[in-house]
Structures are given as structure tokens and as C-alpha cells.
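Student: target_13.cif is the file, holding mmCIF, C-alpha atoms:
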```
data_run
#
loop_
_atom_site.label_atom_id
_atom_site.label_comp_id
_atom_site.auth_asym_id
_atom_site.auth_seq_id
_atom_site.Cartn_x
_atom_site.Cartn_y
_atom_site.Cartn_z
CA MET O 1 -3.97 -10.60 -32.99
CA ILE O 2 -4.63 -6.87 -33.19
CA ALA O 3 -1.14 -6.12 -34.50
CA ALA O 4 -1.68 -8.59 -37.35
CA HIS O 5 -4.10 -6.11 -38.93
CA GLY O 6 -1.18 -3.80 -39.67
CA THR O 7 -3.16 -0.56 -39.72
CA GLN O 8 -3.12 2.78 -37.95
CA THR O 9 -6.45 1.84 -36.38
CA ALA O 10 -4.89 -1.30 -34.90
CA LEU O 11 -2.05 0.83 -33.53
CA ASP O 12 -4.56 3.20 -31.93
CA VAL O 13 -6.39 0.28 -30.30
CA LEU O 14 -3.14 -1.10 -28.89
CA LEU O 15 -2.25 2.34 -27.51
CA GLU O 16 -5.61 2.50 -25.75
CA ILE O 17 -5.09 -0.97 -24.29
CA HIS O 18 -1.56 -0.05 -23.18
CA THR O 19 -2.80 3.09 -21.43
CA GLY O 20 -5.25 1.16 -19.25
CA ALA O 21 -3.25 -2.05 -18.87
CA THR O 22 -1.78 -3.50 -15.72
CA ILE O 23 2.00 -3.58 -15.47
CA SER O 24 2.11 -7.28 -16.33
CA LEU O 25 0.04 -6.75 -19.49
CA LYS O 26 1.95 -3.64 -20.63
CA GLY O 27 4.97 -5.74 -21.64
CA ALA O 28 2.98 -7.94 -23.99
CA VAL O 29 1.15 -4.96 -25.47
CA MET O 30 4.43 -3.10 -25.86
CA ASP O 31 5.90 -5.94 -27.92
CA SER O 32 2.94 -5.73 -30.30
CA LEU O 33 3.14 -1.93 -30.41
CA GLU O 34 6.82 -1.99 -31.34
CA THR O 35 6.26 -4.56 -34.07
CA LEU O 36 3.29 -2.73 -35.56
CA ALA O 37 4.93 0.69 -35.32
CA GLY O 38 7.92 -0.68 -37.21
CA ARG O 39 5.68 -2.05 -39.96
CA LEU O 40 4.05 1.36 -40.28
CA GLY O 41 7.41 3.15 -40.40
CA LEU O 42 6.96 4.68 -36.96
CA ARG O 43 9.02 4.64 -33.78
CA ASP O 44 8.03 4.40 -30.14
CA ARG O 45 9.69 6.02 -27.17
CA LEU O 46 9.03 6.99 -23.59
CA THR O 47 8.77 10.72 -22.93
CA SER O 48 10.52 12.39 -20.03
CA LYS O 49 7.25 12.02 -18.10
CA GLY O 50 7.22 8.26 -18.71
CA ARG O 51 4.41 8.32 -21.28
CA LEU O 52 4.55 6.22 -24.42
CA GLU O 53 4.78 8.19 -27.65
CA ILE O 54 4.52 6.87 -31.20
CA CYS O 55 5.90 9.14 -33.91
CA ASN O 56 7.52 9.10 -37.31
CA ASN O 57 10.15 11.66 -36.41
CA CYS O 58 10.89 11.24 -32.69
CA LYS O 59 13.38 13.73 -31.31
#
```
Spit out the file's structure as C-alpha cells when you get a sec.
Tutor:
Amino acid sequence: MIAAHGTQTALDVLLEIHTGATISLKGAVMDSLETLAGRLGLRDRLTSKGRLEICNNCK
């Protein structure tokens, strides 16, 4: 539902949820994050420290 809003604010909310989510919930949130990031022209990746990063020019 949050991803359906298609805004940066919705992406920020999903990132907050992902940060505090249990492992079982992270998968569902991640699916929404990837979809919404794609709509916004952004990419997601895991950093070398295992943290999720959303950027428009990931290296």
C-alpha cells in the first residue's frame, strides 16, 4: 500500500520500516522498496557492511 503512493516520502517510510523489521518482514518490504525505487529512477543495493542503500548513481 505504501509503495502505491509512488513518492520519495513513501520510499523514506519503507526504508524506516525495513530498518526496524524482523527478518521475515524484510523480504516483503524489500519487494516494495525495489518496485518503488525503480519507479523513481533509483536503484537499491547492499553496502559492504550489509546495509541497504538507495541511490540514483550506485557505484
Student: Identify which of the residues O:Leu52, O:Arg39, O:Gly6, O:Asp44 lies closest to His18 of chain O, counting only C-alpha atoms when measuring atom-to-atom distances.
Tutor: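 The shortest atom-to-atom distance to His18 of chain O comes from O:Leu52.
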Student: Which residues come within 12 Å of Lys26 of chain O, counting all atoms listed in the file, excluding same-chain residues fewer than 4 positions away, as a list in words?
Tutor: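 In the requested format, the answer is Leu14, Leu15, Glu16, Ile17, His18, Thr19, Gly20, Ala21, Thr22, Met30, Asp31, Ser32, Leu33, Glu34 and Leu52 of chain O.
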Student: Atom CA of Ala37 of chain O and atom CA of Arg51 of chain O, how far apart in Å?
Tutor: 16.0 Å
Student: If we count only C-alpha atoms and set the cut-off at 12 Å, which residues sit around Leu40 of chain O, ignoring sequence neighbours fewer than 4 positions away in its own chain? Please answer as a list in words.
Tutor: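 Non-adjacent residues within range: Ala3, Ala4, His5, Gly6, Thr7, Gln8, Thr9, Ala10, Leu11, Leu33, Glu34, Thr35, Leu36, Asp44, Ile54, Cys55 and Asn56 of chain O.
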Student: Do you have the atom CA of Arg45 of chain O-atom CA of Asn57 of chain O distance handy?
Tutor: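 Taking atom CA of Arg45 of chain O as the start and atom CA of Asn57 of chain O as the end point, the length is 10.8 Å.
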Student: Can you work out the spacing between atom CA of Leu25 of chain O and atom CA of Cys58 of chain O in Å, to one decimal?
Tutor: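 Rounded to one decimal, the two atoms are 24.8 Å apart.
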